[in-house]
file coords-v4.csv (CSV, C-alpha atoms)
chain,number,residue,atom,x,y,z
A,22,MET,CA,-64.2,-30.2,-11.6
A,23,LEU,CA,-62.2,-31.6,-14.5
A,24,GLU,CA,-61.7,-28.9,-17.1
A,25,ILE,CA,-60.4,-29.5,-20.6
A,26,LYS,CA,-59.6,-26.2,-22.1
A,27,ASP,CA,-58.9,-25.6,-25.8
A,28,VAL,CA,-57.1,-28.9,-26.2
A,29,THR,CA,-55.6,-29.5,-29.7
A,30,LYS,CA,-53.7,-32.6,-30.7
A,31,ARG,CA,-52.1,-33.2,-34.1
A,32,PHE,CA,-50.5,-36.4,-35.4
A,33,GLY,CA,-48.4,-35.1,-38.3
A,34,ASN,CA,-50.7,-33.3,-40.6
A,35,LYS,CA,-53.8,-34.8,-39.1
A,36,THR,CA,-55.7,-32.9,-36.5
A,37,ALA,CA,-57.1,-35.4,-34.0
A,38,LEU,CA,-58.5,-32.9,-31.6
A,39,ASN,CA,-59.3,-29.3,-32.6
A,40,SER,CA,-59.8,-26.8,-29.7
A,41,VAL,CA,-61.8,-29.2,-27.6
A,42,SER,CA,-63.2,-27.6,-24.4
A,43,LEU,CA,-65.2,-29.6,-21.9
A,44,SER,CA,-66.0,-29.6,-18.2
A,45,LEU,CA,-67.0,-32.5,-16.0
A,46,ALA,CA,-68.6,-31.8,-12.7
A,47,PRO,CA,-68.4,-34.1,-9.7
A,48,GLY,CA,-71.0,-36.9,-9.8
A,49,GLU,CA,-71.7,-36.7,-13.5
A,50,LEU,CA,-72.0,-39.8,-15.6
A,51,VAL,CA,-71.1,-38.6,-19.1
A,52,GLY,CA,-71.3,-40.6,-22.3
A,53,LEU,CA,-68.7,-39.6,-24.9
A,54,PHE,CA,-69.9,-40.5,-28.4
A,55,GLY,CA,-68.3,-40.2,-31.8
A,56,GLU,CA,-67.5,-42.1,-34.9
A,57,ASN,CA,-64.3,-44.1,-35.2
A,58,GLY,CA,-61.4,-41.6,-35.4
A,59,ALA,CA,-63.5,-38.8,-33.9
A,60,GLY,CA,-60.9,-38.3,-31.2
A,61,LYS,CA,-62.5,-40.0,-28.1
A,62,THR,CA,-59.4,-42.1,-27.2
A,63,THR,CA,-57.1,-39.2,-28.0
A,64,LEU,CA,-59.0,-36.9,-25.7
A,65,MET,CA,-58.8,-39.3,-22.8
A,66,LYS,CA,-55.1,-39.9,-23.4
A,67,CYS,CA,-54.5,-36.1,-23.5
A,68,VAL,CA,-56.4,-35.8,-20.2
A,69,LEU,CA,-54.1,-38.4,-18.6
A,70,GLY,CA,-51.0,-36.8,-20.0
A,71,LEU,CA,-50.2,-39.9,-22.1
A,72,LEU,CA,-50.1,-37.7,-25.2
A,73,SER,CA,-48.5,-34.3,-25.5
A,74,HIS,CA,-51.0,-31.7,-26.6
A,75,ARG,CA,-51.8,-28.0,-26.8
A,76,GLY,CA,-54.2,-26.5,-24.4
A,77,GLU,CA,-54.9,-27.2,-20.7
A,78,VAL,CA,-56.4,-29.9,-18.6
A,79,LEU,CA,-57.2,-28.8,-15.0
A,80,LEU,CA,-58.4,-30.8,-12.1
A,81,ASP,CA,-60.0,-28.5,-9.5
A,82,GLY,CA,-58.1,-25.6,-11.0
A,83,ALA,CA,-54.7,-27.3,-10.9
A,84,ARG,CA,-52.8,-28.8,-13.8
A,85,ILE,CA,-52.6,-32.6,-13.8
A,86,THR,CA,-49.3,-33.6,-12.3
A,87,ARG,CA,-47.9,-36.6,-10.4
A,88,LYS,CA,-49.5,-35.0,-7.3
A,89,ASN,CA,-53.1,-35.3,-8.5
A,90,ILE,CA,-52.9,-37.9,-11.2
A,91,ALA,CA,-54.2,-40.6,-8.8
A,92,ARG,CA,-57.5,-38.8,-8.8
A,93,ILE,CA,-58.1,-40.0,-12.4
A,94,SER,CA,-58.4,-43.6,-13.4
A,95,PHE,CA,-58.5,-45.2,-16.8
A,96,ALA,CA,-60.1,-48.3,-18.3
A,97,THR,CA,-59.4,-48.9,-21.9
A,98,CYS,CA,-60.3,-51.6,-24.4
A,99,GLU,CA,-56.6,-51.9,-25.1
A,100,HIS,CA,-56.3,-52.9,-21.4
A,101,SER,CA,-53.8,-51.4,-19.0
A,102,PHE,CA,-53.4,-54.2,-16.5
A,103,PHE,CA,-50.2,-56.3,-16.1
A,104,PRO,CA,-50.9,-59.5,-18.0
A,105,ASP,CA,-48.8,-61.7,-15.7
A,106,LEU,CA,-49.8,-60.2,-12.4
A,107,SER,CA,-52.7,-62.0,-10.5
A,108,GLY,CA,-55.8,-60.2,-9.3
A,109,ALA,CA,-54.4,-60.2,-5.7
A,110,GLY,CA,-51.1,-58.9,-7.1
A,111,HIS,CA,-52.9,-56.0,-8.8
A,112,ALA,CA,-54.7,-55.2,-5.6
A,113,ASP,CA,-51.3,-55.0,-3.8
A,114,PHE,CA,-49.8,-53.0,-6.6
A,115,TYR,CA,-52.6,-50.5,-6.7
A,116,ALA,CA,-52.7,-50.2,-2.9
A,117,SER,CA,-49.1,-49.3,-2.8
A,118,HIS,CA,-49.3,-46.7,-5.6
A,119,PHE,CA,-52.8,-45.2,-5.2
A,120,PRO,CA,-53.4,-44.1,-1.7
A,121,ALA,CA,-57.2,-44.1,-2.0
A,122,PHE,CA,-57.3,-47.7,-3.5
A,123,ARG,CA,-60.6,-49.3,-2.5
A,124,ARG,CA,-59.6,-52.9,-1.8
A,125,ARG,CA,-63.1,-53.9,-0.5
A,126,ARG,CA,-64.7,-52.6,-3.7
A,127,PHE,CA,-62.1,-54.4,-5.8
A,128,GLU,CA,-62.9,-57.7,-4.0
A,129,VAL,CA,-66.6,-57.2,-4.4
A,130,LEU,CA,-66.2,-56.5,-8.1
A,131,MET,CA,-64.0,-59.5,-8.6
A,132,ASP,CA,-66.5,-61.6,-6.8
A,133,PHE,CA,-69.4,-60.1,-8.8
A,134,PHE,CA,-67.7,-60.8,-12.1
A,135,ALA,CA,-66.6,-64.2,-10.8
A,136,LEU,CA,-63.0,-63.4,-11.7
A,137,PRO,CA,-60.3,-65.5,-10.0
A,138,MET,CA,-58.0,-63.6,-7.7
A,139,LYS,CA,-55.1,-65.9,-8.0
A,140,LYS,CA,-54.9,-66.1,-11.8
A,141,ALA,CA,-53.1,-63.8,-14.1
A,142,PRO,CA,-55.4,-61.8,-16.5
A,143,ARG,CA,-53.4,-63.2,-19.4
A,144,THR,CA,-55.4,-66.4,-19.0
A,145,PHE,CA,-58.8,-64.6,-19.0
A,146,SER,CA,-61.3,-64.5,-21.8
A,147,THR,CA,-61.8,-61.1,-23.6
A,148,GLY,CA,-64.9,-60.5,-21.6
A,149,GLN,CA,-63.1,-61.2,-18.3
A,150,LYS,CA,-60.2,-59.0,-19.3
A,151,ASN,CA,-62.7,-56.2,-19.9
A,152,GLN,CA,-64.3,-56.8,-16.5
A,153,PHE,CA,-61.0,-56.9,-14.8
A,154,GLU,CA,-59.9,-53.6,-16.4
A,155,VAL,CA,-63.1,-52.0,-15.3
A,156,ALA,CA,-62.8,-53.4,-11.8
A,157,LEU,CA,-59.4,-51.8,-11.4
A,158,ALA,CA,-60.5,-48.5,-12.7
A,159,LEU,CA,-63.5,-48.4,-10.4
A,160,SER,CA,-61.4,-49.4,-7.4
A,161,GLN,CA,-58.4,-47.1,-7.8
A,162,GLY,CA,-60.2,-44.6,-5.6
A,163,ALA,CA,-60.3,-42.0,-8.3
A,164,ASP,CA,-62.7,-39.1,-8.4
A,165,TYR,CA,-62.8,-39.1,-12.2
A,166,ILE,CA,-63.0,-42.4,-14.0
A,167,LEU,CA,-62.3,-42.4,-17.8
A,168,MET,CA,-63.5,-45.4,-19.7
A,169,ASP,CA,-62.6,-45.8,-23.3
A,170,GLU,CA,-64.9,-48.4,-24.9
A,171,PRO,CA,-64.3,-50.7,-21.9
A,172,PHE,CA,-66.6,-53.4,-23.3
A,173,SER,CA,-65.4,-53.5,-26.9
A,174,GLY,CA,-65.7,-57.2,-27.9
A,175,SER,CA,-67.8,-58.1,-24.9
A,176,ASP,CA,-71.2,-59.8,-25.3
A,177,VAL,CA,-74.5,-58.2,-24.3
A,178,PHE,CA,-74.7,-60.0,-20.9
A,179,ASN,CA,-71.2,-58.9,-20.0
A,180,ARG,CA,-72.1,-55.3,-20.8
A,181,GLU,CA,-75.4,-55.5,-18.9
A,182,ASP,CA,-73.5,-56.7,-15.8
A,183,PHE,CA,-71.2,-53.7,-16.2
A,184,TYR,CA,-74.1,-51.2,-16.4
A,185,LYS,CA,-75.7,-52.7,-13.2
A,186,VAL,CA,-72.4,-52.5,-11.4
A,187,LEU,CA,-71.8,-49.0,-12.5
A,188,LEU,CA,-75.1,-47.7,-11.3
A,189,GLY,CA,-75.0,-49.6,-8.0
A,190,ILE,CA,-71.4,-49.0,-7.0
A,191,LEU,CA,-70.6,-45.3,-7.7
A,192,ASP,CA,-70.5,-42.8,-4.9
A,193,SER,CA,-72.2,-39.4,-5.5
A,194,GLY,CA,-68.9,-37.6,-6.0
A,195,GLU,CA,-67.5,-40.1,-8.6
A,196,THR,CA,-67.5,-38.9,-12.1
A,197,VAL,CA,-67.5,-41.2,-15.1
A,198,LEU,CA,-66.6,-40.3,-18.7
A,199,LEU,CA,-67.7,-43.3,-20.7
A,200,SER,CA,-66.7,-43.5,-24.4
A,201,THR,CA,-68.9,-46.0,-26.2
A,202,HIS,CA,-70.7,-46.7,-29.5
A,203,MET,CA,-73.6,-48.4,-27.6
A,204,LEU,CA,-75.9,-45.3,-27.5
A,205,GLU,CA,-79.1,-47.2,-26.8
A,206,GLU,CA,-77.6,-49.3,-24.1
A,207,VAL,CA,-76.3,-46.4,-22.0
A,208,ASP,CA,-78.9,-43.6,-22.6
A,209,SER,CA,-80.9,-44.8,-19.6
A,210,PHE,CA,-78.2,-44.2,-17.1
A,211,ILE,CA,-75.9,-41.4,-18.3
A,212,SER,CA,-76.7,-37.9,-17.2
A,213,ARG,CA,-75.1,-36.1,-20.1
A,214,ALA,CA,-74.0,-36.9,-23.6
A,215,VAL,CA,-71.1,-35.3,-25.4
A,216,LEU,CA,-70.6,-35.8,-29.1
A,217,LEU,CA,-67.2,-35.6,-30.8
A,218,HIS,CA,-67.1,-35.4,-34.5
A,219,ALA,CA,-63.9,-35.0,-36.5
A,220,GLY,CA,-62.0,-33.8,-33.5
A,221,ARG,CA,-64.5,-31.2,-32.4
A,222,ILE,CA,-67.3,-31.1,-29.9
A,223,ALA,CA,-70.4,-31.5,-32.0
A,224,GLY,CA,-72.9,-31.6,-29.2
A,225,ASP,CA,-73.2,-31.5,-25.5
A,226,VAL,CA,-76.6,-32.1,-23.9
A,227,SER,CA,-77.9,-33.3,-20.6
A,228,MET,CA,-80.3,-36.2,-20.6
A,229,SER,CA,-82.9,-34.2,-18.7
A,230,GLU,CA,-82.9,-31.6,-21.5
A,231,LEU,CA,-83.4,-34.4,-24.1
A,232,GLU,CA,-86.2,-35.8,-22.0
A,233,GLU,CA,-87.9,-32.5,-21.9
A,234,SER,CA,-87.6,-32.0,-25.6
A,235,GLY,CA,-88.9,-35.5,-26.3
A,236,GLU,CA,-85.9,-36.3,-28.6
A,237,SER,CA,-84.1,-39.6,-28.3
A,238,LEU,CA,-80.4,-39.7,-27.8
A,239,MET,CA,-80.0,-41.4,-31.2
A,240,ASP,CA,-82.0,-38.7,-32.9
A,241,TYR,CA,-80.0,-36.0,-31.2
A,242,VAL,CA,-76.7,-37.7,-32.3
A,243,LYS,CA,-77.9,-38.0,-35.9
A,244,ARG,CA,-79.0,-34.4,-35.9
A,245,ALA,CA,-75.7,-33.2,-34.4
A,246,TRP,CA,-73.7,-35.2,-36.9
A,247,ASN,CA,-75.9,-34.1,-39.9
A,248,TYR,CA,-76.5,-37.7,-40.5
A,249,ARG,CA,-78.2,-38.2,-43.9
A,250,SER,CA,-80.7,-40.9,-43.3
A,251,ASP,CA,-81.3,-41.3,-47.1
A,252,ARG,CA,-77.6,-42.0,-47.8
A,253,ILE,CA,-78.0,-45.7,-47.8
A,254,ARG,CA,-81.0,-45.6,-50.3
A,255,ARG,CA,-79.0,-43.2,-52.5
A,256,ALA,CA,-76.0,-45.5,-52.5
A,257,ILE,CA,-78.1,-48.5,-53.3
A,258,ASP,CA,-79.9,-46.6,-56.1
A,259,GLU,CA,-76.6,-45.4,-57.5
A,260,LEU,CA,-75.2,-48.9,-57.4
A,261,ASN,CA,-78.4,-50.3,-59.1
A,262,GLY,CA,-78.2,-47.5,-61.7
A,263,ASP,CA,-74.5,-48.3,-62.4
A,264,GLY,CA,-75.5,-52.0,-62.7
A,265,GLU,CA,-78.2,-51.1,-65.4
A,266,ASP,CA,-75.7,-48.8,-67.2
A,267,ALA,CA,-73.2,-51.6,-67.4
B,19,MET,CA,-37.5,-63.7,-1.3
B,20,PRO,CA,-37.5,-60.2,0.1
B,21,PRO,CA,-40.6,-58.4,-1.1
B,22,GLU,CA,-38.5,-55.4,-2.2
B,23,LEU,CA,-37.0,-57.5,-4.9
B,24,GLU,CA,-40.4,-57.8,-6.6
B,25,LYS,CA,-40.4,-54.0,-7.0
B,26,LEU,CA,-37.2,-54.1,-9.1
B,27,VAL,CA,-38.8,-56.0,-12.0
B,28,PRO,CA,-41.9,-55.2,-14.1
B,29,ALA,CA,-45.1,-56.0,-12.1
B,30,GLY,CA,-46.1,-59.6,-12.7
B,31,MET,CA,-42.6,-60.8,-13.7
B,32,ASP,CA,-41.0,-63.5,-11.5
B,33,ALA,CA,-38.3,-61.5,-9.7
B,34,ARG,CA,-36.6,-64.7,-8.4
B,35,ARG,CA,-36.3,-66.1,-11.9
B,36,GLU,CA,-35.1,-62.8,-13.3
B,37,LEU,CA,-32.4,-62.4,-10.6
B,38,GLY,CA,-31.4,-66.0,-11.1
B,39,GLN,CA,-30.9,-65.4,-14.8
B,40,VAL,CA,-28.7,-62.4,-14.1
B,41,LEU,CA,-26.7,-64.3,-11.5
B,42,CYS,CA,-26.3,-67.2,-13.9
B,43,ALA,CA,-25.1,-64.9,-16.6
B,44,LEU,CA,-22.6,-63.3,-14.3
B,45,GLY,CA,-21.4,-66.6,-12.9
B,46,ALA,CA,-21.0,-68.1,-16.4
B,47,ALA,CA,-19.1,-65.0,-17.6
B,48,LEU,CA,-16.8,-65.2,-14.5
B,49,ALA,CA,-16.2,-68.9,-14.9
B,50,ALA,CA,-15.4,-68.6,-18.6
B,51,ALA,CA,-13.2,-65.6,-17.9
B,52,VAL,CA,-11.2,-67.4,-15.2
B,53,PHE,CA,-10.8,-70.5,-17.4
B,54,CYS,CA,-9.7,-68.2,-20.3
B,55,CYS,CA,-7.1,-66.4,-18.1
B,56,LEU,CA,-5.7,-69.8,-17.0
B,57,ILE,CA,-5.5,-71.1,-20.6
B,58,VAL,CA,-4.0,-67.8,-21.8
B,59,TYR,CA,-1.4,-67.8,-19.1
B,60,VAL,CA,-0.4,-71.4,-19.5
B,61,ASP,CA,-0.2,-71.0,-23.3
B,62,ALA,CA,2.0,-67.8,-22.8
B,63,ARG,CA,4.3,-69.7,-20.5
B,64,SER,CA,4.7,-72.6,-22.8
B,65,ASP,CA,5.3,-70.1,-25.7
B,66,MET,CA,8.4,-68.9,-23.8
B,67,TYR,CA,10.1,-72.2,-24.5
B,68,ILE,CA,11.2,-74.1,-27.6
B,69,THR,CA,11.7,-77.8,-27.7
B,70,ARG,CA,14.7,-79.4,-29.4
B,71,ASN,CA,15.3,-83.1,-29.4
B,72,GLY,CA,12.8,-83.5,-26.6
B,73,ILE,CA,14.5,-80.9,-24.4
B,74,ARG,CA,12.8,-77.6,-23.5
B,75,TYR,CA,14.9,-74.4,-23.8
B,76,LEU,CA,14.0,-70.9,-22.9
B,77,ASN,CA,13.5,-69.0,-26.1
B,78,PRO,CA,15.7,-65.9,-25.9
B,79,ASP,CA,13.6,-64.0,-28.5
B,80,ALA,CA,10.3,-64.7,-26.7
B,81,GLU,CA,8.6,-61.9,-24.9
B,82,PHE,CA,6.1,-62.7,-22.1
B,83,PRO,CA,2.8,-60.8,-22.7
B,84,CYS,CA,1.9,-58.3,-20.1
B,85,CYS,CA,-1.0,-59.2,-17.7
B,86,ALA,CA,-3.3,-56.5,-19.2
B,87,GLU,CA,-3.0,-58.2,-22.6
B,88,MET,CA,-4.0,-61.5,-21.2
B,89,ALA,CA,-6.8,-60.1,-19.0
B,90,ALA,CA,-8.2,-58.3,-22.1
B,91,ARG,CA,-8.9,-61.8,-23.6
B,92,CYS,CA,-11.8,-62.2,-21.1
B,93,VAL,CA,-13.6,-59.0,-22.2
B,94,PRO,CA,-15.9,-60.9,-24.6
B,95,PHE,CA,-17.3,-63.0,-21.8
B,96,PHE,CA,-18.3,-60.0,-19.8
B,97,ALA,CA,-19.5,-58.2,-22.9
B,98,ALA,CA,-21.8,-61.1,-23.7
B,99,ALA,CA,-23.2,-60.9,-20.1
B,100,ALA,CA,-23.7,-57.2,-20.5
B,101,LEU,CA,-25.5,-57.8,-23.8
B,102,LEU,CA,-27.8,-60.1,-22.0
B,103,MET,CA,-28.6,-57.2,-19.6
B,104,LEU,CA,-29.3,-55.0,-22.6
B,105,TYR,CA,-31.7,-57.7,-23.8
B,106,LYS,CA,-33.4,-57.8,-20.4
B,107,LEU,CA,-33.9,-54.1,-20.5
B,108,ALA,CA,-35.5,-54.3,-23.9
B,109,ARG,CA,-37.7,-57.2,-22.7
B,110,TYR,CA,-38.8,-55.2,-19.6
B,111,VAL,CA,-39.8,-52.2,-21.7
B,112,ALA,CA,-41.5,-54.4,-24.3
B,113,TYR,CA,-43.4,-56.3,-21.5
B,114,HIS,CA,-45.4,-53.1,-20.9
B,115,TYR,CA,-46.7,-53.2,-24.4
B,116,GLN,CA,-47.4,-56.9,-24.7
B,117,GLY,CA,-50.7,-58.6,-23.8
B,118,SER,CA,-52.0,-55.3,-22.7
B,119,ARG,CA,-50.8,-51.7,-22.5
B,120,SER,CA,-49.7,-51.7,-18.9
B,121,ILE,CA,-47.4,-48.8,-20.0
B,122,TYR,CA,-50.6,-46.6,-19.5
B,123,THR,CA,-50.8,-47.6,-15.9
B,124,MET,CA,-47.1,-47.2,-15.3
B,125,ARG,CA,-47.1,-43.7,-16.9
B,126,ARG,CA,-49.9,-42.4,-14.8
B,127,LEU,CA,-48.5,-43.6,-11.5
B,128,PRO,CA,-47.9,-40.8,-8.9
B,129,GLN,CA,-44.4,-42.1,-8.5
B,130,ARG,CA,-42.5,-40.8,-11.5
B,131,ALA,CA,-39.5,-43.1,-11.2
B,132,GLU,CA,-41.5,-46.4,-10.9
B,133,LEU,CA,-41.2,-47.3,-14.5
B,134,LEU,CA,-37.5,-46.6,-14.7
B,135,ARG,CA,-36.9,-48.4,-11.4
B,136,ARG,CA,-38.7,-51.5,-12.6
B,137,CYS,CA,-37.1,-51.5,-16.1
B,138,LEU,CA,-33.6,-50.4,-15.3
B,139,SER,CA,-32.6,-51.8,-11.8
B,140,LEU,CA,-31.8,-55.3,-12.7
B,141,PRO,CA,-30.2,-54.7,-16.2
B,142,LEU,CA,-28.2,-51.8,-14.9
B,143,GLY,CA,-27.2,-53.6,-11.7
B,144,GLY,CA,-26.2,-56.6,-13.9
B,145,ALA,CA,-24.2,-54.4,-16.2
B,146,LEU,CA,-22.4,-52.7,-13.3
B,147,ALA,CA,-21.7,-56.1,-11.8
B,148,CYS,CA,-20.1,-57.2,-15.1
B,149,LEU,CA,-17.8,-54.2,-15.0
B,150,LEU,CA,-16.9,-54.8,-11.3
B,151,LEU,CA,-16.4,-58.5,-11.8
B,152,PHE,CA,-14.1,-57.8,-14.8
B,153,ALA,CA,-12.2,-55.2,-12.8
B,154,ALA,CA,-11.9,-57.5,-9.8
B,155,LEU,CA,-10.8,-60.5,-11.9
B,156,THR,CA,-8.3,-58.4,-13.8
B,157,ALA,CA,-6.8,-57.1,-10.6
B,158,LEU,CA,-6.7,-60.6,-9.1
B,159,PHE,CA,-5.3,-62.1,-12.2
B,160,CYS,CA,-2.5,-59.4,-12.4
B,161,ALA,CA,-1.7,-60.0,-8.7
B,162,VAL,CA,-1.3,-63.7,-9.3
B,163,TYR,CA,0.6,-63.0,-12.6
B,164,LEU,CA,3.1,-60.9,-10.7
B,165,ALA,CA,3.4,-63.5,-8.0
B,166,VAL,CA,4.0,-66.5,-10.2
B,167,THR,CA,5.8,-65.1,-13.2
B,168,PRO,CA,9.6,-65.1,-13.1
B,169,ALA,CA,10.7,-61.5,-12.4
B,170,ASP,CA,12.9,-61.2,-15.5
B,171,TRP,CA,9.9,-62.0,-17.7
B,172,VAL,CA,7.8,-59.2,-16.3
B,173,ARG,CA,7.9,-56.1,-18.4
B,174,PRO,CA,7.8,-52.8,-16.6
B,175,GLY,CA,4.6,-50.7,-16.5
B,176,GLN,CA,2.2,-53.6,-15.8
B,177,TRP,CA,-0.2,-51.7,-13.6
B,178,GLU,CA,-0.3,-48.8,-16.0
B,179,ALA,CA,-1.4,-51.2,-18.7
B,180,VAL,CA,-4.0,-52.6,-16.4
B,181,SER,CA,-5.4,-49.2,-15.6
B,182,ARG,CA,-5.5,-48.4,-19.3
B,183,LEU,CA,-7.5,-51.6,-19.9
B,184,LEU,CA,-10.0,-50.9,-17.1
B,185,LEU,CA,-10.5,-47.3,-18.0
B,186,GLY,CA,-10.7,-48.1,-21.7
B,187,ARG,CA,-7.9,-45.7,-22.7

call {"tool": "encode", "arguments": {"input": "coords-v4.csv", "output": "structure tokens"}}
result
Amino acid sequence: MLEIKDVTKRFGNKTALNSVSLSLAPGELVGLFGENGAGKTTLMKCVLGLLSHRGEVLLDGARITRKNIARISFATCEHSFFPDLSGAGHADFYASHFPAFRRRRFEVLMDFFALPMKKAPRTFSTGQKNQFEVALALSQGADYILMDEPFSGSDVFNREDFYKVLLGILDSGETVLLSTHMLEEVDSFISRAVLLHAGRIAGDVSMSELEESGESLMDYVKRAWNYRSDRIRRAIDELNGDGEDA
Amino acid sequence: MPPELEKLVPAGMDARRELGQVLCALGAALAAAVFCCLIVYVDARSDMYITRNGIRYLNPDAEFPCCAEMAARCVPFFAAAALLMLYKLARYVAYHYQGSRSIYTMRRLPQRAELLRRCLSLPLGGALACLLLFAALTALFCAVYLAVTPADWVRPGQWEAVSRLLLGR
């Protein structure tokens, strides 16, 4: 169980995360949604200890230290691979640092995405870099896989490949926290949706609950964010009104 | 290339090339320093004489510099090599922020010292080698200086001056 307890993060006067509490159980596939600046990336970085913060992050009841950090992997749209190290080099690096590294899975993923093992990722296209980043995160042998918009900038085919892989490859104990804006693309395979809004948890719902209620994920998100569907018409009307006044 | 050497530079960097550059810098600093010592010593010896009507005489007012003064003239060469090590350190750190954020991977490794080891080993080793080479060259130069310099030119307290130079006091 990954528990985020009352995590608060401030950047100067700006509060990026405000008392965020969240638990991820083994085997869950959780979508993390929120507008730009909602705190999704900050939350993941706090979990990984990349950012100092207030509050606690516990992994099976223990604070995250060097002893258990290998149980969490991270794929980010900023990319965290070594740009000049080949795929094979990455496999060796990960194997020497992460005891549970799954070399076979890495090779299968590299093959699936048709990524060259001997080339450095610096030479890859954006889509390939994203795929490589995801392949590493899925192969680290982690129990908790954090993905921060891993397919930002990728085309729809690229993303579709990723979803297929994710569904087909995960073991029952592997947990994924997937931050994305692509609500409609992921609602069919996530088991739970967590909404962040202005640094706070604005909603947390299981997909089975949504299914029972008959509400779509998009409608749930709009409701949780108090989305005003008439705001575009109002804006246009105001603009038109201003135009007439002038 | 021993595989361990690859672990002393950031992952993906060519360890052989990096080590080669460090050795080249040290070699160049050493060669320049040796040449400098030679020139300084020969100049100092010739400054001990004055020439009148084509005949060289020993200048009674001239004072032969002590070996530490001469050896100090090669400090800039080793300082330049040490600066290159500083540049390498900055480049190794920057590497983890360029083209990707591999710093995230380094910072979440179970081995706490891995980032330090990969960023510091070669630059620190190179800087230490600069110091050692300078110390060794100074000692060697002073030994040769004492061996080949006429005894009445040698001022007392040479080794004290050398130790002050090496210890920076």

call {"tool": "interface_residues", "arguments": {"input": "coords-v4.csv", "of": "chain A", "to": "chain B", "cutoff": "10 Å", "atoms": "only C-alpha atoms", "output": "JSON, numbers by chain"}}
result
{"A": [66, 69, 70, 71, 86, 87, 88, 89, 90, 91, 92, 93, 94, 95, 96, 97, 98, 99, 100, 101, 102, 103, 104, 105, 106, 107, 110, 111, 114, 115, 118, 119, 120, 141, 142, 143, 150]}

call {"tool": "residues_around", "arguments": {"input": "coords-v4.csv", "residues": "B:Val166", "least_positions_apart": "5", "cutoff": "12 Å", "atoms": "all atoms listed in the file", "output": "short mmCIF file (atom, residue, chain, number, x, y, z; two decimals) with C-alpha atoms, in the frame of the given file"}}
result
data_model
loop_
_atom_site.label_atom_id
_atom_site.label_comp_id
_atom_site.auth_asym_id
_atom_site.auth_seq_id
_atom_site.Cartn_x
_atom_site.Cartn_y
_atom_site.Cartn_z
CA TYR B 59 -1.40 -67.80 -19.10
CA VAL B 60 -0.40 -71.40 -19.50
CA ARG B 63 4.30 -69.70 -20.50
CA CYS B 85 -1.00 -59.20 -17.70
CA PHE B 159 -5.30 -62.10 -12.20
CA CYS B 160 -2.50 -59.40 -12.40
CA ALA B 161 -1.70 -60.00 -8.70
CA TRP B 171 9.90 -62.00 -17.70
CA VAL B 172 7.80 -59.20 -16.30
#

call {"tool": "residues_around", "arguments": {"input": "coords-v4.csv", "residues": "B:Ser64", "least_positions_apart": "2", "cutoff": "12 Å", "atoms": "only C-alpha atoms", "output": "list in words"}}
result
Ile57, Val58, Tyr59, Val60, Asp61, Ala62, Met66, Tyr67, Ile68, Thr69, Arg74, Tyr75, Leu76, Asn77, Ala80, Glu81, Phe82 and Pro83 of chain B

call {"tool": "residues_around", "arguments": {"input": "coords-v4.csv", "residues": "stretch 122-125 of chain A", "least_positions_apart": "6", "cutoff": "7 Å", "atoms": "only C-alpha atoms", "output": "ChimeraX atom specification"}}
result
/A:112,115-116,160-162

call {"tool": "residues_around", "arguments": {"input": "coords-v4.csv", "residues": "A:Lys243", "least_positions_apart": "6", "cutoff": "12 Å", "atoms": "all atoms listed in the file", "output": "VMD selection string"}}
result
chain A and resid 54 to 56 204 216 218 223 to 224 236 to 237 249 to 250

call {"tool": "residues_near_point", "arguments": {"input": "coords-v4.csv", "point": "(-70.1, -35.0, -26.4)", "cutoff": "12 Å", "atoms": "all atoms listed in the file", "output": "ChimeraX atom specification"}}
result
/A:41-45,50-56,59-61,64,198-201,204,211-228,238,241-242,245-246

call {"tool": "residues_around", "arguments": {"input": "coords-v4.csv", "residues": "A:Met131", "least_positions_apart": "4", "cutoff": "9 Å", "atoms": "only C-alpha atoms", "output": "tab-separated table (two decimals) with C-alpha atoms, keeping the file's coordinate frame"}}
result
chain	number	residue	atom	x	y	z
A	108	GLY	CA	-55.80	-60.20	-9.30
A	126	ARG	CA	-64.70	-52.60	-3.70
A	127	PHE	CA	-62.10	-54.40	-5.80
A	135	ALA	CA	-66.60	-64.20	-10.80
A	136	LEU	CA	-63.00	-63.40	-11.70
A	137	PRO	CA	-60.30	-65.50	-10.00
A	138	MET	CA	-58.00	-63.60	-7.70
A	152	GLN	CA	-64.30	-56.80	-16.50
A	153	PHE	CA	-61.00	-56.90	-14.80
A	156	ALA	CA	-62.80	-53.40	-11.80

call {"tool": "atom_distance", "arguments": {"input": "coords-v4.csv", "atom1": "atom CA of B:Leu140", "atom2": "atom CA of B:Met103"}}
result
7.8 Å

call {"tool": "atom_distance", "arguments": {"input": "coords-v4.csv", "atom1": "atom CA of A:Lys185", "atom2": "atom CA of A:Ser146"}}
result
20.5 Å

call {"tool": "atom_distance", "arguments": {"input": "coords-v4.csv", "atom1": "atom CA of B:Leu41", "atom2": "atom CA of B:Gly144"}}
result
8.1 Å

call {"tool": "closest_residue", "arguments": {"input": "coords-v4.csv", "among": "A:Ala37, A:Lys30, A:Asp182, A:Arg254", "to": "A:Asn57", "atoms": "all atoms listed in the file"}}
result
A:Ala37

call {"tool": "closest_residue", "arguments": {"input": "coords-v4.csv", "among": "B:Ala97, B:Arg136, B:Ala90, B:Gly38", "to": "B:Ala179", "atoms": "only C-alpha atoms"}}
result
B:Ala90

call {"tool": "axis_aligned_box", "arguments": {"input": "coords-v4.csv", "around": "stretch 107-116 of chain A", "padding_each_side": "4 Å", "output": "AutoDock Vina command-line options"}}
result
--center_x -52.8 --center_y -56.1 --center_z -6.7 --size_x 14.0 --size_y 19.8 --size_z 15.6
